[in-house]
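*Asks:* The following file, entry17.cif, comprises mmCIF, C-alpha atoms and all ligand atoms:
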```
data_entry
#
loop_
_atom_site.label_atom_id
_atom_site.label_comp_id
_atom_site.auth_asym_id
_atom_site.auth_seq_id
_atom_site.Cartn_x
_atom_site.Cartn_y
_atom_site.Cartn_z
CA MET A 946 66.31 102.35 79.15
CA GLY A 947 65.52 104.97 76.50
CA ARG A 948 63.63 108.23 76.65
CA ALA A 949 59.91 108.02 76.85
CA VAL A 950 57.73 110.93 75.86
CA ILE A 951 54.35 111.40 77.44
CA ASN A 952 52.20 112.01 74.36
CA HIS A 953 48.83 112.04 75.82
CA LEU A 954 47.33 112.03 79.25
CA THR A 955 43.80 110.89 79.86
CA ALA A 956 43.13 112.65 83.12
CA LEU A 957 40.84 110.60 85.28
CA GLN A 958 40.30 111.14 88.93
CA SER A 959 43.39 110.04 90.79
CA VAL A 960 43.69 106.26 91.25
CA PRO A 961 45.49 104.96 94.34
CA LEU A 962 48.46 102.83 93.30
CA SER A 963 47.24 99.96 95.51
CA LYS A 964 44.18 99.67 93.24
CA LEU A 965 46.54 99.16 90.30
CA GLY A 966 48.23 96.29 92.13
CA TRP A 967 51.10 98.23 93.75
CA SER A 968 52.33 96.69 97.00
CA ASP A 969 55.29 96.66 99.39
CA PHE A 970 56.95 94.17 97.06
CA PHE A 971 57.42 96.98 94.52
CA GLU A 972 57.77 99.84 97.03
CA ASP A 973 60.69 98.01 98.67
CA GLN A 974 62.55 97.96 95.35
CA ARG A 975 62.64 101.75 95.11
CA GLU A 976 65.98 103.17 96.11
CA PRO A 977 65.86 106.36 98.21
CA ASP A 978 66.92 108.47 95.18
CA GLU A 979 64.10 106.98 93.11
CA ALA A 980 61.31 108.61 95.09
CA VAL A 981 60.87 111.25 92.37
CA PHE A 982 59.89 108.69 89.74
CA ALA A 983 56.24 107.88 89.15
CA PRO A 984 55.32 104.18 89.29
CA MET A 985 53.25 103.12 86.28
CA ARG A 986 51.86 99.79 85.13
CA ILE A 987 52.18 98.64 81.51
CA ALA A 988 48.71 98.08 79.99
CA ALA A 989 49.61 97.54 76.31
CA ILE A 990 52.70 97.45 74.09
CA HIS A 991 52.62 98.36 70.39
CA ARG A 992 56.14 98.37 68.90
CA SER A 993 57.64 101.61 70.18
CA ARG A 994 54.51 102.82 71.92
CA LEU A 995 53.38 101.89 75.41
CA THR A 996 50.16 102.51 77.25
CA ALA A 997 50.71 102.73 80.98
CA LEU A 998 48.39 103.26 83.91
CA SER A 999 49.43 105.81 86.49
CA GLU A 1000 47.91 107.51 89.52
CA VAL A 1001 46.58 110.21 87.20
CA GLY A 1002 45.10 107.90 84.58
CA SER A 1003 46.17 106.34 81.32
CA VAL A 1004 49.44 107.62 79.83
CA GLU A 1005 50.83 107.06 76.32
CA LEU A 1006 54.58 106.67 76.28
CA THR A 1007 56.83 106.50 73.23
CA LEU A 1008 60.10 104.65 73.51
CA ALA A 1009 63.16 106.22 71.89
CA ALA A 1010 64.36 102.79 70.81
CA PRO A 1011 61.74 100.12 69.98
CA ALA A 1012 64.18 97.53 71.32
CA ASP A 1013 63.53 98.90 74.80
CA ALA A 1014 60.09 97.27 74.68
CA GLY A 1015 61.77 93.85 74.58
CA ASP A 1016 62.35 93.91 78.31
CA LEU A 1017 58.78 94.87 79.09
CA THR A 1018 55.50 93.00 79.17
CA VAL A 1019 51.91 93.75 80.05
CA GLY A 1020 51.43 93.91 83.81
CA ASP A 1021 54.97 95.16 84.49
CA TRP A 1022 55.63 97.99 86.90
CA VAL A 1023 58.02 100.69 85.68
CA LEU A 1024 59.39 103.93 87.11
CA VAL A 1025 58.94 107.00 84.89
CA ASP A 1026 60.63 110.38 85.42
CA PRO A 1027 57.74 112.85 85.38
CA VAL A 1028 59.98 115.81 84.46
CA THR A 1029 62.36 114.48 81.79
CA GLN A 1030 59.74 111.95 80.64
CA THR A 1031 62.33 109.21 80.72
CA LEU A 1032 61.44 105.61 81.39
CA HIS A 1033 63.79 105.00 84.32
CA ARG A 1034 63.59 101.23 84.83
CA ARG A 1035 61.39 98.19 85.16
CA LEU A 1036 60.84 96.85 88.67
CA GLY A 1037 61.39 93.20 89.53
CA ARG A 1038 58.39 90.96 88.88
CA ARG A 1039 56.39 89.31 91.63
CA THR A 1040 55.17 86.63 89.23
CA VAL A 1041 55.85 86.08 85.54
CA MET A 1042 54.44 83.86 82.82
CA GLU A 1043 57.39 82.93 80.66
CA ARG A 1044 57.29 80.78 77.58
CA ARG A 1045 59.85 79.67 75.09
CA THR A 1046 59.54 81.29 71.71
CA GLU A 1047 59.42 79.05 68.66
CA GLY A 1048 62.85 77.86 67.54
CA SER A 1049 64.77 79.64 70.27
CA ARG A 1050 65.97 78.85 73.76
CA THR A 1051 65.22 82.26 75.17
CA LEU A 1052 62.22 82.79 77.38
CA GLN A 1053 59.67 85.45 76.58
CA ALA A 1054 57.64 87.09 79.33
CA ALA A 1055 53.99 86.88 78.31
CA ALA A 1056 52.50 88.67 81.33
CA ALA A 1057 53.84 89.90 84.65
CA ASN A 1058 52.56 90.37 88.18
CA VAL A 1059 49.52 88.17 87.65
CA ASP A 1060 47.87 86.66 90.75
CA THR A 1061 45.64 84.12 89.05
CA LEU A 1062 45.98 82.49 85.64
CA PHE A 1063 42.61 81.57 84.17
CA ILE A 1064 43.29 78.71 81.75
CA VAL A 1065 40.30 78.79 79.42
CA THR A 1066 39.10 75.76 77.44
CA SER A 1067 35.86 75.02 75.61
CA CYS A 1068 33.86 71.86 76.22
CA ASN A 1069 34.39 70.75 72.62
CA ALA A 1070 37.22 69.55 70.36
CA ASP A 1071 39.47 72.22 71.92
CA PHE A 1072 39.62 70.34 75.25
CA ASN A 1073 43.05 68.71 75.43
CA PRO A 1074 44.56 67.49 78.73
CA ALA A 1075 48.14 67.59 77.41
CA ARG A 1076 47.83 71.24 76.40
CA LEU A 1077 46.10 72.21 79.64
CA GLU A 1078 48.94 70.57 81.55
CA ARG A 1079 51.42 72.82 79.71
CA TYR A 1080 49.54 75.90 80.84
CA LEU A 1081 49.40 74.53 84.39
CA ALA A 1082 53.17 73.98 84.45
CA LEU A 1083 53.64 77.54 83.17
CA ALA A 1084 51.40 78.97 85.91
CA ASN A 1085 53.06 76.90 88.65
CA GLN A 1086 56.53 77.87 87.53
CA GLY A 1087 55.74 81.58 87.42
CA GLY A 1088 54.21 81.72 90.89
CA THR A 1089 50.71 82.30 89.52
CA ALA A 1090 47.74 80.32 90.89
CA PRO A 1091 45.99 78.42 88.07
CA VAL A 1092 42.22 78.03 87.69
CA ILE A 1093 40.60 76.12 84.80
CA LEU A 1094 37.65 77.87 83.17
CA LEU A 1095 35.34 75.63 81.14
CA THR A 1096 33.40 77.54 78.47
CA LYS A 1097 30.75 76.55 75.93
CA ALA A 1098 29.07 74.16 78.35
CA ASP A 1099 25.97 74.81 76.24
CA THR A 1100 27.56 72.85 73.37
CA THR A 1101 28.03 69.52 75.23
CA ASP A 1102 25.73 66.85 76.65
CA ASP A 1103 28.38 65.65 79.05
CA LEU A 1104 29.63 68.61 81.05
CA GLY A 1105 30.35 66.31 84.01
CA ALA A 1106 33.00 64.40 82.03
CA TYR A 1107 34.82 67.63 81.16
CA GLN A 1108 34.64 68.83 84.76
CA ARG A 1109 35.97 65.53 86.07
CA GLN A 1110 38.83 65.39 83.59
CA ALA A 1111 39.79 69.00 84.28
CA SER A 1112 39.84 68.63 88.05
CA GLN A 1113 42.13 65.58 87.78
CA LEU A 1114 44.84 67.57 85.98
CA GLN A 1115 46.43 68.81 89.20
CA ARG A 1116 45.87 68.23 92.89
CA GLY A 1117 43.55 70.81 94.48
CA LEU A 1118 42.86 72.52 91.15
CA ASP A 1119 39.84 74.85 90.97
CA VAL A 1120 37.62 74.30 87.93
CA VAL A 1121 34.87 76.81 87.15
CA THR A 1122 32.25 76.45 84.41
CA VAL A 1123 31.34 79.87 83.00
CA ASN A 1124 29.43 81.28 80.07
CA PRO A 1125 31.62 84.25 79.07
CA ARG A 1126 28.64 85.91 77.38
CA LEU A 1127 26.57 86.18 80.56
CA PRO A 1128 27.02 88.79 83.34
CA ALA A 1129 26.83 85.93 85.88
CA ALA A 1130 30.38 84.99 84.80
CA ALA A 1131 31.71 88.08 86.60
CA ASP A 1132 30.05 86.97 89.86
CA MET A 1133 31.44 83.46 89.54
CA LEU A 1134 34.97 84.78 89.08
CA ALA A 1135 34.69 87.46 91.77
CA PRO A 1136 36.60 85.31 94.35
CA TRP A 1137 39.77 85.74 92.24
CA CYS A 1138 39.20 89.36 91.23
CA GLY A 1139 38.84 92.50 93.37
CA SER A 1140 40.80 95.66 94.05
CA GLY A 1141 44.52 95.41 93.35
CA ARG A 1142 44.31 91.85 92.00
CA THR A 1143 45.30 90.83 88.49
CA VAL A 1144 44.06 87.84 86.51
CA ALA A 1145 45.19 86.76 83.03
CA LEU A 1146 43.32 84.69 80.45
CA VAL A 1147 45.14 82.11 78.34
CA GLY A 1148 43.94 79.34 76.06
CA SER A 1149 43.40 78.49 72.40
CA SER A 1150 41.88 80.89 69.92
CA GLY A 1151 38.10 80.96 70.02
CA VAL A 1152 37.51 79.71 73.57
CA GLY A 1153 35.93 83.01 74.65
CA LYS A 1154 38.77 84.90 76.38
CA SER A 1155 37.94 88.30 74.90
CA THR A 1156 34.21 87.69 75.33
CA LEU A 1157 34.94 87.15 79.03
CA VAL A 1158 37.10 90.29 79.19
CA ASN A 1159 34.17 92.30 77.82
CA THR A 1160 31.85 90.80 80.44
CA LEU A 1161 34.32 91.48 83.28
CA VAL A 1162 34.90 95.06 82.09
CA GLY A 1163 31.13 95.53 81.99
CA ALA A 1164 28.88 97.68 79.87
CA GLY A 1165 30.64 100.99 79.39
CA GLU A 1166 31.63 102.74 76.22
CA GLY A 1167 31.16 99.59 74.14
CA PRO A 1168 33.16 96.33 74.22
CA ALA A 1169 36.78 96.60 75.34
CA GLN A 1170 37.95 93.79 73.04
CA GLN A 1171 36.99 92.52 69.60
CA THR A 1172 35.69 88.93 69.49
CA GLY A 1173 35.32 86.48 66.61
CA GLY A 1174 33.43 83.34 65.66
CA ILE A 1175 34.99 79.88 65.34
CA ARG A 1176 35.11 77.43 62.43
CA GLU A 1177 32.12 75.07 62.46
CA HIS A 1178 33.92 71.87 61.51
CA ASP A 1179 36.78 71.77 64.02
CA ALA A 1180 35.87 74.46 66.58
CA LYS A 1181 39.14 76.35 65.90
CA GLY A 1182 39.21 80.09 66.41
CA ARG A 1183 40.42 82.76 63.99
CA HIS A 1184 43.08 84.46 66.12
CA THR A 1185 41.04 87.59 66.61
CA THR A 1186 43.19 88.99 69.44
CA THR A 1187 46.77 89.71 68.34
CA SER A 1188 48.36 91.46 71.31
CA ARG A 1189 48.16 91.42 75.10
CA SER A 1190 46.34 94.11 77.02
CA LEU A 1191 45.30 94.99 80.58
CA HIS A 1192 41.72 96.05 81.37
CA ALA A 1193 39.93 97.30 84.48
CA ILE A 1194 37.30 94.91 85.87
CA ALA A 1195 34.01 96.63 86.82
CA GLY A 1196 33.98 95.06 90.29
CA GLY A 1197 37.67 95.90 90.94
CA GLY A 1198 40.96 94.40 89.81
CA TRP A 1199 42.51 93.90 86.39
CA VAL A 1200 42.30 91.33 83.61
CA ILE A 1201 44.93 90.64 80.95
CA ASP A 1202 43.66 89.36 77.58
CA THR A 1203 46.13 87.38 75.46
CA PRO A 1204 46.13 86.06 71.88
CA GLY A 1205 45.26 82.38 71.51
CA MET A 1206 48.48 80.34 71.37
CA ARG A 1207 48.93 77.57 68.82
CA THR A 1208 51.69 75.83 70.70
CA LEU A 1209 53.24 76.31 74.10
CA HIS A 1210 56.80 75.09 74.56
CA LEU A 1211 58.21 74.76 78.04
CA SER A 1212 61.69 75.55 79.23
CA GLY A 1213 63.06 76.11 82.74
CA ALA A 1214 59.82 74.77 84.17
CA ALA A 1215 61.07 71.76 86.18
CA GLU A 1216 59.46 72.88 89.44
CA GLY A 1217 56.19 73.77 87.72
CA ILE A 1218 56.10 70.28 86.20
CA GLU A 1219 56.83 68.71 89.60
CA THR A 1220 53.86 70.53 91.15
CA LEU A 1221 51.66 69.52 88.22
CA PHE A 1222 52.54 65.82 88.46
CA ALA A 1223 52.93 65.67 92.25
CA GLU A 1224 51.23 62.26 92.50
CA ILE A 1225 53.93 60.74 90.24
CA VAL A 1226 56.90 62.69 91.59
CA GLU A 1227 56.03 61.77 95.18
CA LEU A 1228 56.17 58.04 94.40
CA ALA A 1229 59.64 58.13 92.85
CA PRO A 1230 61.54 57.82 96.18
CA LEU A 1231 59.63 54.57 96.83
CA CYS A 1232 60.95 52.95 93.63
CA ARG A 1233 63.68 50.32 94.13
CA TYR A 1234 66.17 52.15 91.94
CA ARG A 1235 67.12 55.75 92.57
CA ASP A 1236 67.30 56.48 88.85
CA CYS A 1237 64.07 54.61 88.04
CA THR A 1238 62.50 55.81 84.80
CA HIS A 1239 59.15 54.19 85.73
CA ALA A 1240 59.21 52.36 82.41
CA HIS A 1241 60.20 48.73 82.94
CA GLU A 1242 62.15 48.52 86.21
CA PRO A 1243 61.18 45.98 88.87
CA GLY A 1244 59.97 47.44 92.17
CA CYS A 1245 58.73 50.62 90.51
CA ALA A 1246 56.20 52.37 92.77
CA VAL A 1247 54.75 54.32 89.83
CA SER A 1248 54.13 51.16 87.78
CA ILE A 1249 52.44 49.59 90.81
CA ALA A 1250 50.20 52.67 91.20
CA ILE A 1251 49.27 52.38 87.53
CA SER A 1252 48.48 48.66 87.79
CA GLU A 1253 46.28 49.44 90.80
CA GLY A 1254 44.41 52.05 88.74
CA LYS A 1255 45.58 54.94 90.93
CA ILE A 1256 47.37 56.73 88.08
CA GLU A 1257 46.22 56.81 84.45
CA PRO A 1258 48.84 55.32 82.11
CA GLU A 1259 48.37 58.30 79.71
CA ARG A 1260 49.18 60.66 82.55
CA LEU A 1261 52.61 59.00 82.97
CA VAL A 1262 53.20 59.22 79.21
CA ARG A 1263 52.35 62.93 79.23
CA TRP A 1264 54.56 63.56 82.27
CA ARG A 1265 57.52 61.87 80.58
CA LYS A 1266 57.02 63.86 77.37
CA LEU A 1267 56.86 67.18 79.21
CA PHE A 1268 59.74 66.29 81.50
CA ASP A 1269 61.99 65.32 78.58
CA GLU A 1270 61.00 68.35 76.50
CA ASN A 1271 61.67 70.72 79.36
CA ARG A 1272 65.01 69.10 80.14
CA ASP A 1273 66.11 69.25 76.49
CA ASN A 1274 65.05 72.90 76.21
CA THR A 1275 66.64 74.06 79.45
CA PRO A 1276 70.30 75.07 79.31
CA THR A 1277 71.77 73.72 82.55
CA SER A 1278 73.38 77.08 83.42
CA VAL A 1279 70.00 78.80 83.60
CA GLY A 1280 68.14 75.78 84.96
CA PRO A 1281 65.98 76.23 88.04
CA ARG A 1282 68.12 77.68 90.81
CA GLY A 1283 71.28 76.60 89.08
CA ARG A 1284 70.46 72.95 89.67
CA GLN A 1285 71.95 70.42 87.28
CA ARG A 1286 69.59 68.28 85.28
CA ALA A 1287 67.01 66.97 87.67
CA SER A 1288 66.73 63.23 88.00
CA ARG A 1289 63.34 61.69 87.43
N1 LIG B 1301 28.13 78.82 72.48
C1 LIG B 1301 28.99 79.56 73.16
N2 LIG B 1301 29.76 80.43 72.50
C2 LIG B 1301 30.65 81.16 73.21
C3 LIG B 1301 30.80 81.01 74.61
N3 LIG B 1301 31.79 81.82 75.01
C4 LIG B 1301 32.23 82.48 73.90
N4 LIG B 1301 31.54 82.08 72.81
C5 LIG B 1301 31.74 82.53 71.41
O1 LIG B 1301 33.00 82.06 70.95
C6 LIG B 1301 33.50 82.93 69.94
C7 LIG B 1301 34.97 83.26 70.19
O2 LIG B 1301 35.08 84.12 71.31
P1 LIG B 1301 36.34 85.10 71.54
O3 LIG B 1301 36.06 85.77 72.85
O4 LIG B 1301 36.62 85.96 70.38
O5 LIG B 1301 37.52 84.04 71.70
P2 LIG B 1301 39.05 84.31 72.11
O6 LIG B 1301 39.41 83.24 73.09
O7 LIG B 1301 39.25 85.70 72.56
O8 LIG B 1301 39.81 84.04 70.73
P3 LIG B 1301 41.20 84.68 70.16
O9 LIG B 1301 41.16 86.15 70.38
O10 LIG B 1301 41.17 84.31 68.72
O11 LIG B 1301 42.31 84.01 70.90
C8 LIG B 1301 32.60 84.14 69.94
O12 LIG B 1301 31.72 84.02 68.86
C9 LIG B 1301 31.85 84.02 71.26
O13 LIG B 1301 30.58 84.63 71.23
C10 LIG B 1301 29.98 80.04 75.28
O14 LIG B 1301 30.04 79.81 76.49
N5 LIG B 1301 29.08 79.36 74.51
MG MG B 1302 40.47 87.20 71.88
ZN ZN B 1303 59.73 53.94 89.22
#
```
What do you get writing this file as C-alpha cells?
Ligand SMILES: Nc1nc2c(ncn2[C@@H]2O[C@H](COP(=O)(O)OP(=O)(O)OP(=O)(O)O)[C@@H](O)[C@H]2O)c(=O)[nH]1
Ligand SMILES: [Mg+2]
Ligand SMILES: [Zn+2]

*Replies:*
Amino acid sequence: MGRAVINHLTALQSVPLSKLGWSDFFEDQREPDEAVFAPMRIAAIHRSRLTALSEVGSVELTLAAPADAGDLTVGDWVLVDPVTQTLHRRLGRRTVMERRTEGSRTLQAAAANVDTLFIVTSCNADFNPARLERYLALANQGGTAPVILLTKADTTDDLGAYQRQASQLQRGLDVVTVNPRLPAAADMLAPWCGSGRTVALVGSSGVGKSTLVNTLVGAGEGPAQQTGGIREHDAKGRHTTTSRSLHAIAGGGWVIDTPGMRTLHLSGAAEGIETLFAEIVELAPLCRYRDCTHAHEPGCAVSIAISEGKIEPERLVRWRKLFDENRDNTPTSVGPRGRQRASR
C-alpha cells in the first residue's frame, strides 16, 4: 500500500483502542514485527484522502496513489507506520457489507466491522418488502446482525400493519419504531450501541438515516450530517448524503451513515438468502423430488405450506427471484466456500 502522510492531527485526549472497536480479532492479526505500527480505524474516504481515528484522535492521511483507497472502506482497521507515515496494511475484516456494483461482477465493500445493520424504512411509499429482504440477505451474508428501523410512524394511520409486515421478513427479526428527530431514539437504540460497538444505517434516500445520526451523535458543535427533505408526491429523497462516514455516538459506540441506495444487487449471498428464507429452505428436504423447484411438482412441501396459508405466495416468488439473481451473478469459482451452484 502507498505512502500516507499525516497532514493534520486533532489531538484529543487519548482514546483506548477498545472504545474504537479494537479487539483480539484484530490484535491476533498483528505479526510480532508489526508492533511498531499504530492501529487506526477508517472514518471517511475522499478520493486520495482518508480520515482515520487513532488512539490520539482524528488523523488525516493522504494516499500516494488514489487507487490504494479501493481496498479500503469505512470501518476498516489499518496499521500505520507512525515514523515513515506509511499506510502499512489493512487488517482482515470481522464483518463486511459487500454489494455488487452496477454492471459488474465484482463486490464492493460498503462498510466493515459493523456489529449491527440498522435497515431503515419509512412507513410510507418507501416501504418495500422485496427491497428490505435484499438488505437482510446482505446483513446475514456479511455476519452483521440486522434490525429493521421503522421511521415516519407519524405519517401513517396503520403503524401496526407496517410492524407486522416487517417482523415477518425474517425469523426472530427485531423491528424498532423510532422517530429519528427525537432524542428518545438514542435510548431505544441503546441496546445495540455502547462502547466499542459499531452500527451502520442503510436504506433509501430520505428515510431519515442522517437525521438519526445527528440524534445519536447528540448536541455538540452542530449537526454531524446534512439532512434533506423528500418529494411530496412519491416520498422519494434527494440523495443528500453522498459518501459513507463513521461518527461517535454520545452514549458510546460508533455509527456509519451511508448514502441512500437506488438499487441493491446481490452476488455471493447464497447463505444470507438461506437465513432470510429459512422457513422455505427448511421445507425443501421434505419435497418428493430432491431437485424440486416448488413450482408445479407433486408432493412439494413448500406448495403444501402455501396452500395451508403458512407461507405467503409472494414470499416464494420473491425468494425465487433473489435466489436466481444471486446464482446468475455469482461466479462459481468465488461462490460461497467454493461450493458449486447450490440446489434449491
Ligand atoms: N415526519 C417525519 N419526518 C422525518 C422523520 N425522520 C426523518 N424525517 C425527515 O425526513 C427527511 C429526510 O431525512 P434525512 O435524514 O436527510 O434522510 P437520509 O436517509 O439521510 O437521506 P439520504 O442522505 O438522501 O440518503 C428530513 O426532512 C427529516 O427531517 C420522521 O420520523 N417523521
Ligand atoms: Mg443522509
Ligand atoms: Zn418443493

*Asks:* Let me have all residues with an atom within 7 Å of ligand MG 1302 (chain B), counting only C-alpha atoms and all ligand atoms, laid out as a PyMOL selection string.

*Replies:* chain A and resi 1150-1151+1153-1155+1171-1172+1184-1186+1202-1205

*Asks:* Of the candidates A:Asp1071, A:Asp1236, A:Asp1016, A:Asp1103, which shows the shortest atom-to-atom distance to ligand ZN 1303 (chain B), using only C-alpha atoms and all ligand atoms?

*Replies:*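 Of A:Asp1071, A:Asp1236, A:Asp1016, A:Asp1103, the one nearest ligand ZN 1303 (chain B), counting only C-alpha atoms and all ligand atoms, is A:Asp1236.
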
*Asks:* Within 10 Å of ligand LIG 1301 (chain B), which residues of chain A come that close, and what is the closest atom pair and distance in Å for each? Count all atoms listed in the file and give it as JSON lines.

*Replies:*
```
{"residue": "A:Val1065", "atom": "CA", "partner": "B:LIG1301", "partner_atom": "O6", "distance": 7.8}
{"residue": "A:Thr1066", "atom": "CA", "partner": "B:LIG1301", "partner_atom": "O6", "distance": 8.7}
{"residue": "A:Ser1067", "atom": "CA", "partner": "B:LIG1301", "partner_atom": "O14", "distance": 7.6}
{"residue": "A:Cys1068", "atom": "CA", "partner": "B:LIG1301", "partner_atom": "O14", "distance": 8.8}
{"residue": "A:Leu1095", "atom": "CA", "partner": "B:LIG1301", "partner_atom": "O14", "distance": 8.2}
{"residue": "A:Thr1096", "atom": "CA", "partner": "B:LIG1301", "partner_atom": "O14", "distance": 4.5}
{"residue": "A:Lys1097", "atom": "CA", "partner": "B:LIG1301", "partner_atom": "O14", "distance": 3.4}
{"residue": "A:Ala1098", "atom": "CA", "partner": "B:LIG1301", "partner_atom": "O14", "distance": 6.0}
{"residue": "A:Asp1099", "atom": "CA", "partner": "B:LIG1301", "partner_atom": "N5", "distance": 5.8}
{"residue": "A:Thr1100", "atom": "CA", "partner": "B:LIG1301", "partner_atom": "N1", "distance": 6.1}
{"residue": "A:Thr1101", "atom": "CA", "partner": "B:LIG1301", "partner_atom": "N1", "distance": 9.7}
{"residue": "A:Thr1122", "atom": "CA", "partner": "B:LIG1301", "partner_atom": "O14", "distance": 8.9}
{"residue": "A:Val1123", "atom": "CA", "partner": "B:LIG1301", "partner_atom": "O14", "distance": 6.6}
{"residue": "A:Asn1124", "atom": "CA", "partner": "B:LIG1301", "partner_atom": "O14", "distance": 3.9}
{"residue": "A:Pro1125", "atom": "CA", "partner": "B:LIG1301", "partner_atom": "N3", "distance": 4.7}
{"residue": "A:Arg1126", "atom": "CA", "partner": "B:LIG1301", "partner_atom": "N3", "distance": 5.7}
{"residue": "A:Leu1127", "atom": "CA", "partner": "B:LIG1301", "partner_atom": "O14", "distance": 8.3}
{"residue": "A:Ala1130", "atom": "CA", "partner": "B:LIG1301", "partner_atom": "O14", "distance": 9.8}
{"residue": "A:Leu1146", "atom": "CA", "partner": "B:LIG1301", "partner_atom": "O6", "distance": 8.5}
{"residue": "A:Val1147", "atom": "CA", "partner": "B:LIG1301", "partner_atom": "O6", "distance": 7.9}
{"residue": "A:Gly1148", "atom": "CA", "partner": "B:LIG1301", "partner_atom": "O6", "distance": 6.7}
{"residue": "A:Ser1149", "atom": "CA", "partner": "B:LIG1301", "partner_atom": "O11", "distance": 5.8}
{"residue": "A:Ser1150", "atom": "CA", "partner": "B:LIG1301", "partner_atom": "O11", "distance": 3.3}
{"residue": "A:Gly1151", "atom": "CA", "partner": "B:LIG1301", "partner_atom": "O5", "distance": 3.6}
{"residue": "A:Val1152", "atom": "CA", "partner": "B:LIG1301", "partner_atom": "O6", "distance": 4.0}
{"residue": "A:Gly1153", "atom": "CA", "partner": "B:LIG1301", "partner_atom": "O3", "distance": 3.3}
{"residue": "A:Lys1154", "atom": "CA", "partner": "B:LIG1301", "partner_atom": "O6", "distance": 3.7}
{"residue": "A:Ser1155", "atom": "CA", "partner": "B:LIG1301", "partner_atom": "O7", "distance": 3.7}
{"residue": "A:Thr1156", "atom": "CA", "partner": "B:LIG1301", "partner_atom": "O3", "distance": 3.6}
{"residue": "A:Leu1157", "atom": "CA", "partner": "B:LIG1301", "partner_atom": "O3", "distance": 6.4}
{"residue": "A:Val1158", "atom": "CA", "partner": "B:LIG1301", "partner_atom": "O3", "distance": 7.9}
{"residue": "A:Asn1159", "atom": "CA", "partner": "B:LIG1301", "partner_atom": "O3", "distance": 8.4}
{"residue": "A:Gln1170", "atom": "CA", "partner": "B:LIG1301", "partner_atom": "O7", "distance": 8.2}
{"residue": "A:Gln1171", "atom": "CA", "partner": "B:LIG1301", "partner_atom": "O4", "distance": 6.6}
{"residue": "A:Thr1172", "atom": "CA", "partner": "B:LIG1301", "partner_atom": "O4", "distance": 3.2}
{"residue": "A:Gly1173", "atom": "CA", "partner": "B:LIG1301", "partner_atom": "O4", "distance": 4.0}
{"residue": "A:Gly1174", "atom": "CA", "partner": "B:LIG1301", "partner_atom": "O12", "distance": 3.7}
{"residue": "A:Ile1175", "atom": "CA", "partner": "B:LIG1301", "partner_atom": "C6", "distance": 5.7}
{"residue": "A:Arg1176", "atom": "CA", "partner": "B:LIG1301", "partner_atom": "C6", "distance": 9.4}
{"residue": "A:Ala1180", "atom": "CA", "partner": "B:LIG1301", "partner_atom": "O1", "distance": 9.2}
{"residue": "A:Lys1181", "atom": "CA", "partner": "B:LIG1301", "partner_atom": "O10", "distance": 8.7}
{"residue": "A:Gly1182", "atom": "CA", "partner": "B:LIG1301", "partner_atom": "O10", "distance": 5.2}
{"residue": "A:Arg1183", "atom": "CA", "partner": "B:LIG1301", "partner_atom": "O10", "distance": 5.0}
{"residue": "A:His1184", "atom": "CA", "partner": "B:LIG1301", "partner_atom": "O10", "distance": 3.2}
{"residue": "A:Thr1185", "atom": "CA", "partner": "B:LIG1301", "partner_atom": "O10", "distance": 3.9}
{"residue": "A:Thr1186", "atom": "CA", "partner": "B:LIG1301", "partner_atom": "O9", "distance": 3.6}
{"residue": "A:Thr1187", "atom": "CA", "partner": "B:LIG1301", "partner_atom": "O9", "distance": 7.0}
{"residue": "A:Ser1188", "atom": "CA", "partner": "B:LIG1301", "partner_atom": "O9", "distance": 9.0}
{"residue": "A:Arg1189", "atom": "CA", "partner": "B:LIG1301", "partner_atom": "O9", "distance": 10.0}
{"residue": "A:Asp1202", "atom": "CA", "partner": "B:LIG1301", "partner_atom": "O7", "distance": 7.6}
{"residue": "A:Thr1203", "atom": "CA", "partner": "B:LIG1301", "partner_atom": "O11", "distance": 6.8}
{"residue": "A:Pro1204", "atom": "CA", "partner": "B:LIG1301", "partner_atom": "O11", "distance": 4.4}
{"residue": "A:Gly1205", "atom": "CA", "partner": "B:LIG1301", "partner_atom": "O11", "distance": 3.4}
{"residue": "A:Met1206", "atom": "CA", "partner": "B:LIG1301", "partner_atom": "O11", "distance": 7.2}
{"residue": "A:Arg1207", "atom": "CA", "partner": "B:LIG1301", "partner_atom": "O11", "distance": 9.5}
```

*Asks:* At a cut-off of 8 Å from (45.0, 99.0, 76.7) in the coordinates of the file, what residues are picked up using all atoms listed in the file, written as a PyMOL selection string?

*Replies:* chain A and resi 988-989+996+1190-1192

*Asks:* Which residue gives the smallest distance to ligand ZN 1303 (chain B) among A:Pro1168, A:Gly1198, A:Pro1258, A:Pro1243, with all atoms listed in the file counted?

*Replies:* A:Pro1243

*Asks:* Using only C-alpha atoms and all ligand atoms, find the one residue out of A:Lys1266, A:Arg994, A:Arg1038, A:His1241 that sits nearest to ligand ZN 1303 (chain B).

*Replies:*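 Closest to ligand ZN 1303 (chain B), using only C-alpha atoms and all ligand atoms: A:His1241.
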
*Asks:* Considering only C-alpha atoms and all ligand atoms, give me a table of residues in chain A that are at most 12 Å from ligand ZN 1303 (chain B), with the closest atom pair and distance in Å for each, as CSV.

*Replies:*
```
residue,atom,partner,partner_atom,distance
A:Ile1225,CA,B:ZN1303,ZN,9.0
A:Val1226,CA,B:ZN1303,ZN,9.5
A:Glu1227,CA,B:ZN1303,ZN,10.5
A:Leu1228,CA,B:ZN1303,ZN,7.5
A:Ala1229,CA,B:ZN1303,ZN,5.5
A:Pro1230,CA,B:ZN1303,ZN,8.2
A:Leu1231,CA,B:ZN1303,ZN,7.6
A:Cys1232,CA,B:ZN1303,ZN,4.7
A:Arg1233,CA,B:ZN1303,ZN,7.3
A:Tyr1234,CA,B:ZN1303,ZN,7.2
A:Arg1235,CA,B:ZN1303,ZN,8.3
A:Asp1236,CA,B:ZN1303,ZN,8.0
A:Cys1237,CA,B:ZN1303,ZN,4.5
A:Thr1238,CA,B:ZN1303,ZN,5.5
A:His1239,CA,B:ZN1303,ZN,3.5
A:Ala1240,CA,B:ZN1303,ZN,7.0
A:His1241,CA,B:ZN1303,ZN,8.2
A:Glu1242,CA,B:ZN1303,ZN,6.7
A:Pro1243,CA,B:ZN1303,ZN,8.1
A:Gly1244,CA,B:ZN1303,ZN,7.1
A:Cys1245,CA,B:ZN1303,ZN,3.7
A:Ala1246,CA,B:ZN1303,ZN,5.2
A:Val1247,CA,B:ZN1303,ZN,5.0
A:Ser1248,CA,B:ZN1303,ZN,6.4
A:Ile1249,CA,B:ZN1303,ZN,8.6
A:Ala1250,CA,B:ZN1303,ZN,9.8
A:Ile1251,CA,B:ZN1303,ZN,10.7
A:Leu1261,CA,B:ZN1303,ZN,10.7
A:Arg1265,CA,B:ZN1303,ZN,11.9
A:Ser1288,CA,B:ZN1303,ZN,11.7
A:Arg1289,CA,B:ZN1303,ZN,8.7
```
